[in-house]
Amino acid sequence: MTSALRFLMCAPHHYEVDYVINPWMEGNIHRSSLEAAQEQWQSLYQIIADRANVDLVKPQPGWPDMVFTANAGLILGNRVVLSRFLHPERQGEEPFFKEWFEAQGHQVFTLPPELPFEGAGDALLDREGRWLWAGYGFRTELDSHGLVAQWLNIEVLSLHLMDERFYHLDTCFCPLTGGYLLYYPPAFDAYSNRLIEMRVPPEKRIAIDEPDAINFACNAVNVDRIVIMNQASDELKARLAEAGFEVVETPLTEFLKAGGAAKCLTLRVTEPLHPEPAREGGLLARTVTMTGHLLDSGLVSRALDLIMEGGGSFQVLNFSLGEQRQSTSSAEIRVSAPDREVMDEIMAQLIDLGAVALPEDQQDARLVTITQAGVAPDDFYSSTIYPTEVRVRGQWVRVQGQRMDGVIVVSASEPVATCKLLRDLAVGDQVIVGYDGIRSVRSTKDRSRAAATATAEEFSFMGSGVSSERRVELIVEQVAWDLRRLRDQGGKVAVVAGPVVIHTGGGDHLGRLIREGYVQALLGGNAIAVHDIEQAMLGTSLGVDMKQGTSVRGGHRHHLRAINSIRRCGSIASAVEQGVLTRGVLYECVKNNVPFSLAGSIRDDGPLPDTKMDLIAAQADYARLIEGCDLILMLSTMLHAIGVGNMTPAGVKMVCVDINPAVVTKLADRGSLESIGVVTDVGLFLSLLVKQLDRLTQRHIVSKA
Ligand code: ARG
């Protein structure tokens with residue numbers, strides 16, 4: 001005996017296969033030899049007793065499986081959760097184990113009668129004590145995990161068992177010293193495998209094959225660098241040796257007939273508490289609530305996915321389902337995470353989805369004073385496009401100037417919260433850090449509305465194999481209708497456009513939209529204006545004849561000639577005034593008093609006198625122009641569109657048209673329900689749009705007549 005480790009075992013005086021409660025027992029009733037079993041057990045006992053202390057619990061007649069002490073309960077420190085066996089065949093063992101635990105001075109927790117949990121057979125501590133792996137699916141009910149987590153004050157990672165031969169977690173999963181893990185991946189569902197892979201780095205995972213698995217190689221007792229098991233293939237022994245482990249084999253075939261081996265025959269009594277609780281205030285867990293059309297909108301599943309993907313785990317404590325289509329649901333979710341960083345990241349994302357702390361847990365937002373202009377503390381909360389409220393002195397305050405990628409500043413006197421950009425932070429500003437006291441409002445559409453507007457979907461056409469022309473047409477119809485309505489009601493529409501609009505022949509159509517009052521602001525870069533003006537003055541776009549589609553001789557100078565002409569006039573507006581510029585998109589803007597803003601780029605052609613080369617000034621100009629917008633059309637310009645997307649709060653409808661699906665996805669990714677992505681040629685889109693508006697006008701005239 002070399003360590004202070006203790007195990008509990010139970011001599012097999014009354015052992016035999018008496019009934020069938022797992023597939024291994026099938027065909028083995030009364031087929032085991034008591035003599036052989038006793039011999040095998042004795043050898044195992046000796047191997048362990050040479051290396052650790054072994055306590056014994058008195059075997060009881062009539063309870064043959066009592067030898068499998070792993071199922072007595074789960075111990076951590078001086079607390080123990082007593083097993084609640086699923087099968088009546090084993091329930092009679094409970095009082096004997098309870099008595100033993102109590103005699104040892106353990107505090108015993110008992111589960112409610114109908115909530116099975118089979119102790120250390122289904123719950124294995126990470127050998128560093130960082131968390132508890134718990135199985136469910138056959139013997140243990142998932143709901144028990146929450147109570148175990150609470151009683152033992154430890155993070156529980158639930159693993160779903162899929163193969164009935166591996167009905168207890170310890171038959172296919174064995175955490176080893178040094179963070180290693182011996183396991184049989186096919187015994188788990190995909191989700192659980194992902195969780196395992198997230199917590200155990202690849203070099204520490206020792207995945208075994210079926211032949212070893214059915215010899216119960218995972219059902220091993222680990223004492224420091226020794227791994228005691230029924231049998232291991234040479235390959236497995238070699239792999240374990242590589243990781244610094246020595247395998248000690250001891251045949252346990254008589255117990256395999258009942259579905260158990262080395263680990264099942266022992267219970268580790270001295271499970272150490274995590275040496276220094278790295279967590280402030282014990283377990284790192286948070287409970288949040290979500291309300292709304294949770295199922296229709298897929299919000300809950302998104303929330304649960306992001307918790308898992310972020311490296312945490314969850315438990316749904318309460319879910320009340322809105323039964324009618326129009327009624328909302330609510331969910332209470334307990335989130336746990338291994339460390340603060342992971343928790344912060346998860347909480348920030350959950351807040352975006354509209355999750356809120358329980359009323360009794362709500363705290364004021366944490367404020368930190370800025371000491372260096374333009375620089376925030378590392379844990380600043382970064383704002384999103386969703387309407388947000390922050391709690392200041394017990395009161396929820398709506399954040400003003402909502403936009404993405406900002407920080408929230410709270411004014412000292414009366415609580416006013418505003419989104420500010422990092423660069424605008426001044427010394428003395430109070431900014432919000434962490435995620436306490438922050439909530440965001442997600443409008444979650446119900447099924448009927450979501451279906452009616454077909455939002456947030458991408459529509460693919462041209463270039464994709466799916467013929468979805470009809471779907472593009474549907475969106476065009478909807479956009480046309482919106483444009484009409486907004487124009488009639490004095491709404492505001494902005495267009496963000498790239499030079500592709502001109503290359504693809506969309507210039508005339510966009511010009512018409514401006515002329516006819518459908519557009520209230522135009523945002524772009526230097527290029528759209530240059531190409532538009534080149535086309536207006538010389539009939540080419542970057543030297544390509546727009547009617548013939550062929551390069552024109554000397555055409556490469558055209559855009560420079562266009563720029564030069566405007567520079568001579570001093571500005572686009574004066575070029576229009578002087579009759580130098582007589583048509584095109586920018587011409588229409590000037591003529592119809594539609595403000596435009598051209599944010600400069602690195603490309604070294606020009607720039608036009610109107611182009612703003614100071615990007616901070618250009619951004620401010622953009623922000624001013626999109627204020628109060630109802631609809632933004634983003635036409636084939638990735639960076640300018642993303643810029644605008646970040647400045648715009650949720651609730652503003654955005655239609656993003658691009659031939660490149662990646663651009664469309666990027667913008668639709670902001671996750672706001674109001675964004676529509678259309679993968680198509682932008683010139684074509686504009687021509688369909690203009691045609692559709694004509695149709696609406698004709699219908700209007702006809703119905704009036
Ligand atoms: N016959 C026992 C049962 O089915 C075997 C228990 C094995 N124990 C274990 N921890 N896997 O319950």
# chains A, B, ... in the order shown; residues from 1 in each chain; ligands from 1
>>> residues_near_ligand(ligand="ligand 1", cutoff="9 Å", atoms="only C-alpha atoms and all ligand atoms", output="PDB file with N, CA and C atoms, in the first residue's frame")
ATOM      1  N   VAL A  17     -25.474 -14.823 -11.337  1.00  0.00           N
ATOM      2  CA  VAL A  17     -26.338 -14.160 -12.311  1.00  0.00           C
ATOM      3  C   VAL A  17     -27.731 -14.740 -12.125  1.00  0.00           C
ATOM      4  N   TYR A  19     -30.766 -12.803 -12.712  1.00  0.00           N
ATOM      5  CA  TYR A  19     -31.813 -12.123 -13.495  1.00  0.00           C
ATOM      6  C   TYR A  19     -31.128 -11.415 -14.642  1.00  0.00           C
ATOM      7  N   VAL A  20     -31.924 -10.826 -15.530  1.00  0.00           N
ATOM      8  CA  VAL A  20     -31.344 -10.125 -16.676  1.00  0.00           C
ATOM      9  C   VAL A  20     -31.739  -8.650 -16.626  1.00  0.00           C
ATOM     10  N   ILE A  21     -30.769  -7.789 -16.343  1.00  0.00           N
ATOM     11  CA  ILE A  21     -31.080  -6.354 -16.399  1.00  0.00           C
ATOM     12  C   ILE A  21     -30.103  -5.620 -17.326  1.00  0.00           C
ATOM     13  N   ASN A  22     -29.256  -6.381 -18.002  1.00  0.00           N
ATOM     14  CA  ASN A  22     -28.416  -5.792 -19.050  1.00  0.00           C
ATOM     15  C   ASN A  22     -28.071  -6.896 -20.043  1.00  0.00           C
ATOM     16  N   PRO A  23     -27.659  -6.532 -21.260  1.00  0.00           N
ATOM     17  CA  PRO A  23     -27.488  -7.541 -22.317  1.00  0.00           C
ATOM     18  C   PRO A  23     -26.449  -8.613 -21.992  1.00  0.00           C
ATOM     19  N   TRP A  24     -25.490  -8.316 -21.130  1.00  0.00           N
ATOM     20  CA  TRP A  24     -24.446  -9.294 -20.803  1.00  0.00           C
ATOM     21  C   TRP A  24     -24.985 -10.453 -19.993  1.00  0.00           C
ATOM     22  N   MET A  25     -26.064 -10.178 -19.261  1.00  0.00           N
ATOM     23  CA  MET A  25     -26.606 -11.207 -18.377  1.00  0.00           C
ATOM     24  C   MET A  25     -27.436 -12.232 -19.139  1.00  0.00           C
ATOM     25  N   PRO A  64     -27.366 -10.296  -5.217  1.00  0.00           N
ATOM     26  CA  PRO A  64     -26.149 -10.821  -5.843  1.00  0.00           C
ATOM     27  C   PRO A  64     -25.262  -9.758  -6.501  1.00  0.00           C
ATOM     28  N   ASP A  65     -25.893  -8.648  -6.970  1.00  0.00           N
ATOM     29  CA  ASP A  65     -25.099  -7.625  -7.656  1.00  0.00           C
ATOM     30  C   ASP A  65     -24.444  -6.641  -6.695  1.00  0.00           C
ATOM     31  N   MET A  66     -24.590  -6.896  -5.393  1.00  0.00           N
ATOM     32  CA  MET A  66     -24.008  -5.971  -4.425  1.00  0.00           C
ATOM     33  C   MET A  66     -22.478  -5.931  -4.517  1.00  0.00           C
ATOM     34  N   VAL A  67     -21.899  -6.967  -5.166  1.00  0.00           N
ATOM     35  CA  VAL A  67     -20.442  -6.938  -5.388  1.00  0.00           C
ATOM     36  C   VAL A  67     -20.016  -5.712  -6.181  1.00  0.00           C
ATOM     37  N   PHE A  68     -20.944  -5.192  -6.992  1.00  0.00           N
ATOM     38  CA  PHE A  68     -20.594  -4.045  -7.831  1.00  0.00           C
ATOM     39  C   PHE A  68     -20.759  -2.750  -7.032  1.00  0.00           C
ATOM     40  N   THR A  69     -19.800  -2.512  -6.168  1.00  0.00           N
ATOM     41  CA  THR A  69     -19.916  -1.377  -5.243  1.00  0.00           C
ATOM     42  C   THR A  69     -19.838  -0.017  -5.934  1.00  0.00           C
ATOM     43  N   ALA A  70     -19.380  -0.010  -7.211  1.00  0.00           N
ATOM     44  CA  ALA A  70     -19.369   1.268  -7.937  1.00  0.00           C
ATOM     45  C   ALA A  70     -20.761   1.877  -7.940  1.00  0.00           C
ATOM     46  N   ASN A  71     -21.771   1.001  -7.858  1.00  0.00           N
ATOM     47  CA  ASN A  71     -23.143   1.482  -7.921  1.00  0.00           C
ATOM     48  C   ASN A  71     -23.738   1.834  -6.557  1.00  0.00           C
ATOM     49  N   ALA A  72     -22.894   1.872  -5.518  1.00  0.00           N
ATOM     50  CA  ALA A  72     -23.433   2.199  -4.194  1.00  0.00           C
ATOM     51  C   ALA A  72     -23.865   3.656  -4.125  1.00  0.00           C
ATOM     52  N   PHE A  85     -31.566   2.913  -7.636  1.00  0.00           N
ATOM     53  CA  PHE A  85     -31.484   1.962  -8.744  1.00  0.00           C
ATOM     54  C   PHE A  85     -32.736   1.992  -9.600  1.00  0.00           C
ATOM     55  N   LEU A  86     -32.515   1.802 -10.888  1.00  0.00           N
ATOM     56  CA  LEU A  86     -33.647   1.766 -11.816  1.00  0.00           C
ATOM     57  C   LEU A  86     -34.428   0.467 -11.636  1.00  0.00           C
ATOM     58  N   HIS A  87     -33.697  -0.648 -11.520  1.00  0.00           N
ATOM     59  CA  HIS A  87     -34.360  -1.948 -11.469  1.00  0.00           C
ATOM     60  C   HIS A  87     -34.606  -2.395 -10.031  1.00  0.00           C
ATOM     61  N   GLU A  89     -34.588  -5.220  -8.991  1.00  0.00           N
ATOM     62  CA  GLU A  89     -33.626  -6.278  -8.679  1.00  0.00           C
ATOM     63  C   GLU A  89     -32.444  -5.772  -7.858  1.00  0.00           C
ATOM     64  N   ARG A  90     -32.165  -4.444  -7.941  1.00  0.00           N
ATOM     65  CA  ARG A  90     -31.019  -3.935  -7.185  1.00  0.00           C
ATOM     66  C   ARG A  90     -31.406  -2.935  -6.099  1.00  0.00           C
ATOM     67  N   GLU A 118     -27.335   5.820 -10.805  1.00  0.00           N
ATOM     68  CA  GLU A 118     -26.638   4.629 -10.325  1.00  0.00           C
ATOM     69  C   GLU A 118     -25.189   4.894  -9.913  1.00  0.00           C
ATOM     70  N   GLY A 119     -25.010   5.985  -9.170  1.00  0.00           N
ATOM     71  CA  GLY A 119     -23.752   6.223  -8.470  1.00  0.00           C
ATOM     72  C   GLY A 119     -22.544   6.349  -9.376  1.00  0.00           C
ATOM     73  N   ALA A 120     -21.397   5.902  -8.849  1.00  0.00           N
ATOM     74  CA  ALA A 120     -20.135   6.039  -9.571  1.00  0.00           C
ATOM     75  C   ALA A 120     -20.088   5.168 -10.820  1.00  0.00           C
ATOM     76  N   GLY A 121     -21.091   4.293 -10.992  1.00  0.00           N
ATOM     77  CA  GLY A 121     -21.180   3.541 -12.238  1.00  0.00           C
ATOM     78  C   GLY A 121     -21.508   4.476 -13.393  1.00  0.00           C
ATOM     79  N   ASP A 122     -22.218   5.548 -13.081  1.00  0.00           N
ATOM     80  CA  ASP A 122     -22.639   6.495 -14.105  1.00  0.00           C
ATOM     81  C   ASP A 122     -22.085   7.890 -13.884  1.00  0.00           C
ATOM     82  N   ARG A 139     -29.512   3.722 -17.263  1.00  0.00           N
ATOM     83  CA  ARG A 139     -29.806   3.515 -15.851  1.00  0.00           C
ATOM     84  C   ARG A 139     -30.067   4.806 -15.095  1.00  0.00           C
ATOM     85  N   PHE A 166     -23.122  -0.847 -23.330  1.00  0.00           N
ATOM     86  CA  PHE A 166     -22.369   0.046 -22.447  1.00  0.00           C
ATOM     87  C   PHE A 166     -23.357   0.943 -21.711  1.00  0.00           C
ATOM     88  N   TYR A 167     -24.093   0.302 -20.846  1.00  0.00           N
ATOM     89  CA  TYR A 167     -25.260   0.914 -20.202  1.00  0.00           C
ATOM     90  C   TYR A 167     -24.888   1.789 -19.018  1.00  0.00           C
ATOM     91  N   HIS A 168     -23.707   1.586 -18.459  1.00  0.00           N
ATOM     92  CA  HIS A 168     -23.202   2.470 -17.410  1.00  0.00           C
ATOM     93  C   HIS A 168     -22.005   3.218 -17.981  1.00  0.00           C
ATOM     94  N   LEU A 169     -21.833   4.467 -17.563  1.00  0.00           N
ATOM     95  CA  LEU A 169     -20.720   5.252 -18.090  1.00  0.00           C
ATOM     96  C   LEU A 169     -19.372   4.559 -17.871  1.00  0.00           C
ATOM     97  N   ASP A 170     -19.218   3.884 -16.727  1.00  0.00           N
ATOM     98  CA  ASP A 170     -17.905   3.298 -16.439  1.00  0.00           C
ATOM     99  C   ASP A 170     -17.589   2.052 -17.264  1.00  0.00           C
ATOM    100  N   THR A 171     -18.524   1.652 -18.134  1.00  0.00           N
ATOM    101  CA  THR A 171     -18.226   0.515 -19.010  1.00  0.00           C
ATOM    102  C   THR A 171     -17.528   0.966 -20.292  1.00  0.00           C
ATOM    103  N   ASN A 219     -13.402  -0.373 -18.210  1.00  0.00           N
ATOM    104  CA  ASN A 219     -13.876  -0.589 -16.850  1.00  0.00           C
ATOM    105  C   ASN A 219     -12.659  -0.870 -15.966  1.00  0.00           C
ATOM    106  N   PHE A 255     -17.415 -12.081 -13.757  1.00  0.00           N
ATOM    107  CA  PHE A 255     -18.207 -10.875 -13.501  1.00  0.00           C
ATOM    108  C   PHE A 255     -18.703 -10.235 -14.798  1.00  0.00           C
ATOM    109  N   LEU A 256     -17.948 -10.499 -15.890  1.00  0.00           N
ATOM    110  CA  LEU A 256     -18.402 -10.025 -17.196  1.00  0.00           C
ATOM    111  C   LEU A 256     -19.774 -10.615 -17.525  1.00  0.00           C
ATOM    112  N   LYS A 257     -20.031 -11.814 -17.006  1.00  0.00           N
ATOM    113  CA  LYS A 257     -21.322 -12.458 -17.261  1.00  0.00           C
ATOM    114  C   LYS A 257     -22.480 -11.664 -16.660  1.00  0.00           C
ATOM    115  N   ALA A 258     -22.175 -10.801 -15.704  1.00  0.00           N
ATOM    116  CA  ALA A 258     -23.222  -9.949 -15.130  1.00  0.00           C
ATOM    117  C   ALA A 258     -23.119  -8.523 -15.654  1.00  0.00           C
ATOM    118  N   GLY A 259     -22.136  -8.306 -16.560  1.00  0.00           N
ATOM    119  CA  GLY A 259     -21.997  -6.972 -17.135  1.00  0.00           C
ATOM    120  C   GLY A 259     -21.124  -6.048 -16.328  1.00  0.00           C
ATOM    121  N   GLY A 260     -20.140  -6.621 -15.602  1.00  0.00           N
ATOM    122  CA  GLY A 260     -19.260  -5.756 -14.821  1.00  0.00           C
ATOM    123  C   GLY A 260     -17.840  -6.273 -14.837  1.00  0.00           C
ATOM    124  N   ALA A 261     -16.888  -5.422 -14.442  1.00  0.00           N
ATOM    125  CA  ALA A 261     -15.495  -5.862 -14.332  1.00  0.00           C
ATOM    126  C   ALA A 261     -14.803  -5.044 -13.237  1.00  0.00           C
ATOM    127  N   LYS A 263     -13.611  -1.970 -12.522  1.00  0.00           N
ATOM    128  CA  LYS A 263     -14.098  -0.707 -11.971  1.00  0.00           C
ATOM    129  C   LYS A 263     -15.437  -0.897 -11.253  1.00  0.00           C
ATOM    130  N   CYS A 264     -16.332  -1.706 -11.829  1.00  0.00           N
ATOM    131  CA  CYS A 264     -17.646  -1.925 -11.211  1.00  0.00           C
ATOM    132  C   CYS A 264     -17.525  -2.553  -9.826  1.00  0.00           C
ATOM    133  N   LEU A 265     -16.447  -3.324  -9.646  1.00  0.00           N
ATOM    134  CA  LEU A 265     -16.294  -4.039  -8.380  1.00  0.00           C
ATOM    135  C   LEU A 265     -15.691  -3.162  -7.285  1.00  0.00           C
ATOM    136  N   THR A 266     -15.441  -1.908  -7.614  1.00  0.00           N
ATOM    137  CA  THR A 266     -14.825  -1.012  -6.625  1.00  0.00           C
ATOM    138  C   THR A 266     -15.539   0.329  -6.586  1.00  0.00           C
ATOM    139  N   LEU A 267     -15.437   0.965  -5.453  1.00  0.00           N
ATOM    140  CA  LEU A 267     -15.923   2.342  -5.353  1.00  0.00           C
ATOM    141  C   LEU A 267     -14.799   3.160  -4.740  1.00  0.00           C
TER     142      LEU A 267
END
>>> residues_around(residues="stretch 628-639 of chain A", least_positions_apart="6", cutoff="6 Å", atoms="only C-alpha atoms", output="list of chain:residue names")
A:Lys492, A:Val493, A:Ala494, A:Val495, A:Val496, A:Ala497, A:Gly498, A:Val652, A:Lys653, A:Met654, A:Val655, A:Cys656, A:Val657, A:Asp658
>>> select_by_dssp(residues="stretch 115-147 of chain A", states="strand (DSSP E or B)", output="ChimeraX atom specification")
/A:117,123-125,132-136
>>> select_by_dssp(residues="stretch 430-671 of chain A", states="alpha helix (DSSP H)", output="PyMOL selection string")
chain A and resi 447-453+469-489+500-503+507-515+526-538+558-569+572-577+585-591+615-626+638-647+661-668
>>> residues_around(residues="stretch 330-334 of chain A", least_positions_apart="2", cutoff="9 Å", atoms="only C-alpha atoms", output="list in words")
Ala285, Arg286, Thr287, Val288, Thr289, Met290, Thr291, Gly292, His293, Leu294, Val300, Leu304, Ser313, Phe314, Gln315, Val316, Leu317, Asn318, Phe319, Ser320, Leu321, Gly322, Thr328, Ser336 and Leu358 of chain A
>>> closest_residue(among="A:Thr680, A:Gln619, A:Asn646, A:Thr697", to="A:Val472", atoms="only C-alpha atoms")
A:Thr680
>>> residues_around(residues="A:Glu210", least_positions_apart="6", cutoff="10 Å", atoms="only C-alpha atoms", output="VMD selection string")
chain A and resid 184 to 187 216 to 217
>>> atom_distance(atom1="atom CA of A:Leu111", atom2="atom CA of A:Leu284")
23.1 Å
>>> residues_around(residues="A:Pro202", least_positions_apart="4", cutoff="12 Å", atoms="only C-alpha atoms", output="number ranges by chain")
A: 179-182, 194, 196-198, 206-207
>>> residues_around(residues="stretch 429-432 of chain A", least_positions_apart="4", cutoff="8 Å", atoms="only C-alpha atoms", output="PyMOL selection string")
chain A and resi 365-370+376+380-381+407-412+425
>>> write_last_selection(atoms="N, CA, C and O atoms", output="tab-separated table (two decimals), in the first residue's frame")
chain	number	residue	atom	x	y	z
A	365	ALA	N	-25.46	46.99	-13.59
A	365	ALA	CA	-24.35	46.82	-14.52
A	365	ALA	C	-23.08	47.33	-13.84
A	365	ALA	O	-23.13	48.28	-13.05
A	366	ARG	N	-21.97	46.66	-14.13
A	366	ARG	CA	-20.71	47.08	-13.52
A	366	ARG	C	-20.07	48.19	-14.34
A	366	ARG	O	-19.95	48.06	-15.57
A	367	LEU	N	-19.68	49.25	-13.69
A	367	LEU	CA	-19.12	50.40	-14.40
A	367	LEU	C	-17.66	50.59	-14.03
A	367	LEU	O	-17.27	50.39	-12.88
A	368	VAL	N	-16.87	50.94	-15.02
A	368	VAL	CA	-15.46	51.24	-14.77
A	368	VAL	C	-15.15	52.59	-15.42
A	368	VAL	O	-15.66	52.90	-16.50
A	369	THR	N	-14.36	53.38	-14.73
A	369	THR	CA	-14.04	54.71	-15.25
A	369	THR	C	-12.85	54.66	-16.20
A	369	THR	O	-11.84	54.01	-15.91
A	370	ILE	N	-12.99	55.31	-17.32
A	370	ILE	CA	-11.92	55.34	-18.33
A	370	ILE	C	-10.77	56.22	-17.85
A	370	ILE	O	-10.98	57.34	-17.38
A	376	ALA	N	-10.65	51.13	-23.61
A	376	ALA	CA	-11.57	50.59	-22.61
A	376	ALA	C	-10.89	49.50	-21.80
A	376	ALA	O	-9.88	48.93	-22.25
A	380	PHE	N	-14.70	45.02	-21.32
A	380	PHE	CA	-15.83	45.88	-21.67
A	380	PHE	C	-16.90	45.06	-22.38
A	380	PHE	O	-16.60	44.08	-23.06
A	381	TYR	N	-18.13	45.47	-22.22
A	381	TYR	CA	-19.23	44.81	-22.92
A	381	TYR	C	-19.33	45.44	-24.30
A	381	TYR	O	-19.39	46.67	-24.42
A	407	VAL	N	-19.21	50.51	-27.15
A	407	VAL	CA	-19.24	50.24	-25.72
A	407	VAL	C	-20.39	51.07	-25.16
A	407	VAL	O	-20.82	52.03	-25.79
A	408	ILE	N	-20.87	50.69	-23.98
A	408	ILE	CA	-21.98	51.45	-23.41
A	408	ILE	C	-21.46	52.35	-22.32
A	408	ILE	O	-20.80	51.91	-21.38
A	409	VAL	N	-21.75	53.63	-22.48
A	409	VAL	CA	-21.29	54.62	-21.51
A	409	VAL	C	-22.50	55.10	-20.72
A	409	VAL	O	-23.56	55.37	-21.28
A	410	VAL	N	-22.34	55.16	-19.39
A	410	VAL	CA	-23.44	55.62	-18.55
A	410	VAL	C	-23.05	56.97	-17.95
A	410	VAL	O	-21.98	57.10	-17.35
A	411	SER	N	-23.90	57.93	-18.15
A	411	SER	CA	-23.58	59.26	-17.63
A	411	SER	C	-23.78	59.29	-16.13
A	411	SER	O	-24.64	58.60	-15.58
A	412	ALA	N	-22.99	60.10	-15.48
A	412	ALA	CA	-22.92	60.08	-14.02
A	412	ALA	C	-24.21	60.53	-13.34
A	412	ALA	O	-24.73	59.85	-12.46
A	425	LEU	N	-14.05	57.34	-26.58
A	425	LEU	CA	-14.06	57.32	-25.12
A	425	LEU	C	-13.16	58.43	-24.56
A	425	LEU	O	-12.05	58.63	-25.02
>>> residues_around(residues="A:Asp681", least_positions_apart="2", cutoff="6 Å", atoms="only C-alpha atoms", output="list in words")
Ile659, Gly683 and Leu684 of chain A
>>> write_last_selection(atoms="N, CA, C and O atoms", output="PDB file, in the first residue's frame")
ATOM      1  N   ILE A 659     -23.746  38.723 -55.849  1.00  0.00           N
ATOM      2  CA  ILE A 659     -23.613  37.471 -56.605  1.00  0.00           C
ATOM      3  C   ILE A 659     -22.825  36.460 -55.783  1.00  0.00           C
ATOM      4  O   ILE A 659     -22.885  35.269 -56.002  1.00  0.00           O
ATOM      5  N   GLY A 683     -27.428  43.892 -61.408  1.00  0.00           N
ATOM      6  CA  GLY A 683     -28.050  44.601 -62.525  1.00  0.00           C
ATOM      7  C   GLY A 683     -29.421  44.014 -62.824  1.00  0.00           C
ATOM      8  O   GLY A 683     -30.411  44.722 -63.027  1.00  0.00           O
ATOM      9  N   LEU A 684     -29.457  42.696 -62.795  1.00  0.00           N
ATOM     10  CA  LEU A 684     -30.705  41.995 -63.044  1.00  0.00           C
ATOM     11  C   LEU A 684     -31.732  42.303 -61.956  1.00  0.00           C
ATOM     12  O   LEU A 684     -32.909  42.558 -62.219  1.00  0.00           O
TER      13      LEU A 684
END
>>> atom_distance(atom1="atom CA of A:Glu534", atom2="atom CA of A:Arg624")
28.1 Å
